[in-house]
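Data block below; observations after.
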Amino acid sequence: MKDINLVINPDDYLVLVNKHNKLSSTYIPSDLELINELYSDSKQYLRKKARSAFESMTNDAKKIGLNIIAVSTYRSYDYQDKLFNKYVKEKGIDYASMCSARSGHSEHQLGLAVDIANDNLDYDNFDKTKESNWVKNNAYKYGFILRYPLDKVDITGYKYEPWHYRYIDSINLAKYLYDNNLTLEEYNKTRNNLE
């Protein structure tokens, strides 16, 4: 792939990691924390602020009878490499490129991304659940954004992932992106034009 930039500020909560912006193979967030087992299906880690916000969100959902579970959070560079190659082997490069990031290009390596599910742990049907609807309309209140919306595939480069949320450490900005239906790519483009 052409035009790939090495990310120089990986600890920035607004850092853009995508098909054009790559993390170092050695980058590991220094403040990863284990998510409470009440809110995950196995040992899952997020950066400290993201973990706290995620647990607040899932706890509030529980109060109204919804069960939100973290099923994939921090992933190392090497883990992502194996995952991407597994998709290539099973479904081909075109499919893999639309549903999985190459190593270094995954937000999961930031420790700020969380793939969520409900009790059935079924990604493919998550969009049809009460939990998905609630998270879609409330995640911004905790500083999370839906990262790969249905109508933005041409901008993000990835298929619709109703389960993939990204923590950006700003409720105000998350609300702004939610209200204006903007992706992180679109926001960064605007921000870069203003600087």
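Ligands are numbered from 1 in the order shown, residues from 1 within each chain, and chains are lettered A, B, ... in the order they appear in the structure tokens.
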
Would you kindly return, as number ranges by chain, each protein, DNA or RNA residue with an atom no farther than 12 Å from any atom of Asn9 (chain A), considering only C-alpha atoms and excluding same-chain residues fewer than 3 positions away? A: 5-6, 12-17, 21-24, 27, 29, 110

Please produce a file of those selected residues containing C-alpha atoms, as a PDB file, in the first residue's frame.
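See result.pdb below for the written result:
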```
ATOM      1  CA  ASN A   5       2.801   7.342   7.488  1.00  0.00           C
ATOM      2  CA  LEU A   6       4.370   6.128  10.712  1.00  0.00           C
ATOM      3  CA  ASP A  12      -2.688  10.801  21.758  1.00  0.00           C
ATOM      4  CA  TYR A  13      -6.340   9.863  22.284  1.00  0.00           C
ATOM      5  CA  LEU A  14      -7.252  11.339  18.892  1.00  0.00           C
ATOM      6  CA  VAL A  15      -4.480   9.661  16.918  1.00  0.00           C
ATOM      7  CA  LEU A  16      -5.656   8.378  13.561  1.00  0.00           C
ATOM      8  CA  VAL A  17      -4.632   4.797  12.895  1.00  0.00           C
ATOM      9  CA  ASN A  21      -1.291   5.599   9.325  1.00  0.00           C
ATOM     10  CA  LYS A  22       0.735   2.826  10.924  1.00  0.00           C
ATOM     11  CA  LEU A  23       1.920   2.133  14.457  1.00  0.00           C
ATOM     12  CA  SER A  24       5.384   0.872  15.230  1.00  0.00           C
ATOM     13  CA  TYR A  27       4.246   0.116  20.408  1.00  0.00           C
ATOM     14  CA  PRO A  29       0.355   1.353  25.588  1.00  0.00           C
ATOM     15  CA  LEU A 110      -3.795   1.528  20.687  1.00  0.00           C
TER      16      LEU A 110
END
```

To test your reading of the structure, identify every residue in region 69-172 of chain A that backbone DSSP assigns to strand (DSSP E), and report it as a ChimeraX atom specification. /A:69-72,113-117,144-148,161-167

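With only C-alpha atoms as the atoms that count, the residue of A:Cys99, A:Gly104, A:Val153, A:Trp163 with the shortest distance to Thr183 (chain A) is A:Val153.
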
Could you check how far CA of Thr26 (chain A) sits from CA of Arg75 (chain A), in Å to one decimal? 12.1 Å

Between CA of Val88 (chain A) and CA of Ser100 (chain A), what is the distance in Å, rounded to a tenth? 9.5 Å

Find the nearest atom pair between each residue of region 18-74 of chain A and region 123-146 of chain A for residues within 10 Å, count only C-alpha atoms, give distances in Å to one decimal, sort rows by chain and ascending number, and present the table as CSV.
```
residue,atom,partner,partner_atom,distance
A:Lys49,CA,A:Gly143,CA,9.7
A:Ala50,CA,A:Gly143,CA,8.3
A:Ser52,CA,A:Tyr142,CA,9.4
A:Ala53,CA,A:Tyr142,CA,5.6
A:Phe54,CA,A:Tyr142,CA,7.3
A:Glu55,CA,A:Tyr142,CA,9.7
A:Ser56,CA,A:Tyr142,CA,7.6
A:Met57,CA,A:Tyr142,CA,6.4
A:Thr58,CA,A:Val135,CA,9.1
A:Ala61,CA,A:Trp134,CA,8.0
A:Lys62,CA,A:Glu131,CA,9.9
A:Gly65,CA,A:Glu131,CA,9.3
A:Leu66,CA,A:Glu131,CA,5.9
A:Asn67,CA,A:Glu131,CA,6.8
A:Ile68,CA,A:Glu131,CA,6.5
A:Ile69,CA,A:Glu131,CA,9.7
A:Val71,CA,A:Tyr123,CA,9.6
```

Give me a file of those residues, with C-alpha atoms, as a short mmCIF file (atom, residue, chain, number, x, y, z; two decimals), in the first residue's frame.
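In the end it all went to out_14.cif:
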```
data_model
loop_
_atom_site.label_atom_id
_atom_site.label_comp_id
_atom_site.auth_asym_id
_atom_site.auth_seq_id
_atom_site.Cartn_x
_atom_site.Cartn_y
_atom_site.Cartn_z
CA LYS A 49 -9.33 6.00 30.86
CA ALA A 50 -10.94 3.85 28.17
CA SER A 52 -13.05 3.22 33.16
CA ALA A 53 -15.38 4.77 30.57
CA PHE A 54 -16.26 1.36 29.13
CA GLU A 55 -17.11 -0.05 32.55
CA SER A 56 -19.28 3.01 33.29
CA MET A 57 -21.12 2.53 30.00
CA THR A 58 -21.67 -1.18 30.51
CA ALA A 61 -26.59 -0.46 30.38
CA LYS A 62 -26.92 -3.22 32.98
CA GLY A 65 -31.40 -4.74 31.59
CA LEU A 66 -28.86 -4.71 28.76
CA ASN A 67 -25.69 -6.80 28.74
CA ILE A 68 -22.71 -5.32 26.89
CA ILE A 69 -19.56 -7.43 26.76
CA VAL A 71 -14.95 -9.46 23.27
#
```

Run DSSP on the backbone and tell me which residues of region 3-184 of chain A come out as alpha helix (DSSP H); list them as an MDAnalysis selection string. chainID A and resid 48:63 77:91 93:99 123:126 130:138 153:156 171:179 184

Could you name the residues that touch Ser76 (chain A) at 8 Å or less, counting only C-alpha atoms, but leaving out those on the same chain fewer than 4 positions away, as a PDB file with C-alpha atoms, in the first residue's frame?
```pdb
ATOM      1  CA  ILE A  28       2.417  -1.121  23.511  1.00  0.00           C
ATOM      2  CA  GLN A  80      -2.989  -8.577  14.451  1.00  0.00           C
ATOM      3  CA  HIS A 108      -6.837  -2.327  18.763  1.00  0.00           C
ATOM      4  CA  GLN A 109      -3.066  -1.917  19.168  1.00  0.00           C
TER       5      GLN A 109
END
```

Which residue is closest to Phe84 (chain A)? Choose from A:Leu173, A:Ala70, A:Leu34, A:Ser103 and count only C-alpha atoms. A:Ser103

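For the pair CA of Lys48 (chain A) and CA of Ile8 (chain A), the separation is 20.7 Å.
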
If we count only C-alpha atoms and set the cut-off at 12 Å, which residues sit around Lys43 (chain A), ignoring sequence neighbours fewer than 2 positions away in its own chain? Please answer as a PyMOL selection string. chain A and resi 32-41+45-46+69-75

Mind dumping the selected residues with N, CA and C atoms as a JSON list (two decimals), in the first residue's frame?
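Below is the file that was written, again_29.json:
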```json
[["chain", "number", "residue", "atom", "x", "y", "z"],
["A", 32, "LEU", "N", -2.26, 0.05, 30.08],
["A", 32, "LEU", "CA", -3.30, -0.95, 29.86],
["A", 32, "LEU", "C", -3.79, -1.50, 31.20],
["A", 33, "GLU", "N", -5.11, -1.68, 31.31],
["A", 33, "GLU", "CA", -5.69, -2.25, 32.52],
["A", 33, "GLU", "C", -6.71, -3.32, 32.15],
["A", 34, "LEU", "N", -6.80, -4.31, 33.00],
["A", 34, "LEU", "CA", -7.74, -5.41, 32.79],
["A", 34, "LEU", "C", -9.16, -4.95, 33.04],
["A", 35, "ILE", "N", -10.06, -5.23, 32.10],
["A", 35, "ILE", "CA", -11.47, -4.90, 32.27],
["A", 35, "ILE", "C", -12.08, -5.88, 33.27],
["A", 36, "ASN", "N", -12.94, -5.36, 34.11],
["A", 36, "ASN", "CA", -13.65, -6.19, 35.09],
["A", 36, "ASN", "C", -14.32, -7.36, 34.37],
["A", 37, "GLU", "N", -14.18, -8.56, 34.93],
["A", 37, "GLU", "CA", -14.74, -9.76, 34.28],
["A", 37, "GLU", "C", -16.26, -9.70, 34.12],
["A", 38, "LEU", "N", -16.93, -8.83, 34.83],
["A", 38, "LEU", "CA", -18.38, -8.66, 34.66],
["A", 38, "LEU", "C", -18.71, -8.09, 33.28],
["A", 39, "TYR", "N", -17.72, -7.42, 32.67],
["A", 39, "TYR", "CA", -17.96, -6.71, 31.41],
["A", 39, "TYR", "C", -17.16, -7.26, 30.24],
["A", 40, "SER", "N", -16.59, -8.45, 30.38],
["A", 40, "SER", "CA", -15.82, -9.02, 29.27],
["A", 40, "SER", "C", -15.98, -10.54, 29.23],
["A", 41, "ASP", "N", -15.66, -11.11, 28.07],
["A", 41, "ASP", "CA", -15.82, -12.57, 27.91],
["A", 41, "ASP", "C", -14.54, -13.33, 28.27],
["A", 45, "TYR", "N", -8.08, -6.03, 27.79],
["A", 45, "TYR", "CA", -7.38, -4.86, 28.31],
["A", 45, "TYR", "C", -7.69, -3.62, 27.48],
["A", 46, "LEU", "N", -7.83, -2.49, 28.16],
["A", 46, "LEU", "CA", -7.94, -1.18, 27.52],
["A", 46, "LEU", "C", -7.03, -0.22, 28.29],
["A", 69, "ILE", "N", -20.76, -6.66, 26.43],
["A", 69, "ILE", "CA", -19.56, -7.43, 26.76],
["A", 69, "ILE", "C", -18.42, -7.06, 25.81],
["A", 70, "ALA", "N", -17.24, -6.83, 26.37],
["A", 70, "ALA", "CA", -16.05, -6.62, 25.54],
["A", 70, "ALA", "C", -15.53, -7.98, 25.09],
["A", 71, "VAL", "N", -15.44, -8.18, 23.78],
["A", 71, "VAL", "CA", -14.95, -9.46, 23.27],
["A", 71, "VAL", "C", -13.59, -9.34, 22.58],
["A", 72, "SER", "N", -13.19, -8.11, 22.24],
["A", 72, "SER", "CA", -11.85, -7.92, 21.69],
["A", 72, "SER", "C", -11.44, -6.48, 21.94],
["A", 73, "THR", "N", -10.30, -6.31, 22.62],
["A", 73, "THR", "CA", -9.83, -4.98, 22.95],
["A", 73, "THR", "C", -8.38, -4.84, 22.46],
["A", 74, "TYR", "N", -7.44, -4.64, 23.36],
["A", 74, "TYR", "CA", -6.05, -4.49, 22.95],
["A", 74, "TYR", "C", -5.56, -5.74, 22.23],
["A", 75, "ARG", "N", -4.88, -5.50, 21.10],
["A", 75, "ARG", "CA", -4.22, -6.59, 20.37],
["A", 75, "ARG", "C", -2.81, -6.14, 20.04]]
```

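Nearest residue to Tyr165 (chain A), choosing from A:Ala113, A:Leu83, A:Val7, A:Leu121 and counting only C-alpha atoms: A:Ala113.
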
Considering only C-alpha atoms, return as a short mmCIF file (atom, residue, chain, number, x, y, z; two decimals) with C-alpha atoms, in the first residue's frame whatever protein or nucleic-acid residues lie within 12 Å of Tyr148 (chain A), sequence-local ones (same chain, fewer than 4 positions apart) excluded.
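Dumped everything to part-v2.cif:
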```
data_model
loop_
_atom_site.label_atom_id
_atom_site.label_comp_id
_atom_site.auth_asym_id
_atom_site.auth_seq_id
_atom_site.Cartn_x
_atom_site.Cartn_y
_atom_site.Cartn_z
CA ASN A 18 -5.99 3.41 9.63
CA MET A 98 -12.27 -4.87 4.13
CA CYS A 99 -12.77 -6.56 7.49
CA SER A 100 -9.38 -6.62 9.19
CA GLU A 107 -6.81 0.68 16.46
CA ALA A 113 -10.79 0.14 20.57
CA ASP A 115 -15.39 -4.84 19.90
CA LYS A 136 -25.14 3.39 19.01
CA LYS A 152 -18.81 5.63 5.50
CA VAL A 153 -17.17 2.53 4.05
CA ASP A 154 -15.60 4.58 1.24
CA ILE A 155 -14.03 6.90 3.84
CA THR A 156 -12.86 4.41 6.48
CA GLY A 157 -11.91 1.66 4.03
CA TYR A 158 -13.61 -0.97 6.19
CA LYS A 159 -16.98 -2.66 6.07
CA TYR A 160 -19.69 -1.68 8.52
CA GLU A 161 -18.78 -2.87 12.01
CA PRO A 162 -21.61 -2.06 14.43
CA TRP A 163 -19.59 -3.66 17.21
CA HIS A 164 -16.35 -1.62 16.90
CA TYR A 165 -16.12 1.45 19.14
CA ARG A 166 -13.19 3.77 19.70
CA ASN A 181 -22.23 11.81 11.47
CA LEU A 182 -18.47 12.26 11.11
CA THR A 183 -15.74 9.67 11.14
CA LEU A 184 -12.34 10.19 12.72
CA GLU A 185 -10.93 10.48 9.18
#
```

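Nearest residue to Ile4 (chain A), choosing from A:Arg51, A:His20, A:Arg191, A:Arg102 and counting only C-alpha atoms: A:His20.
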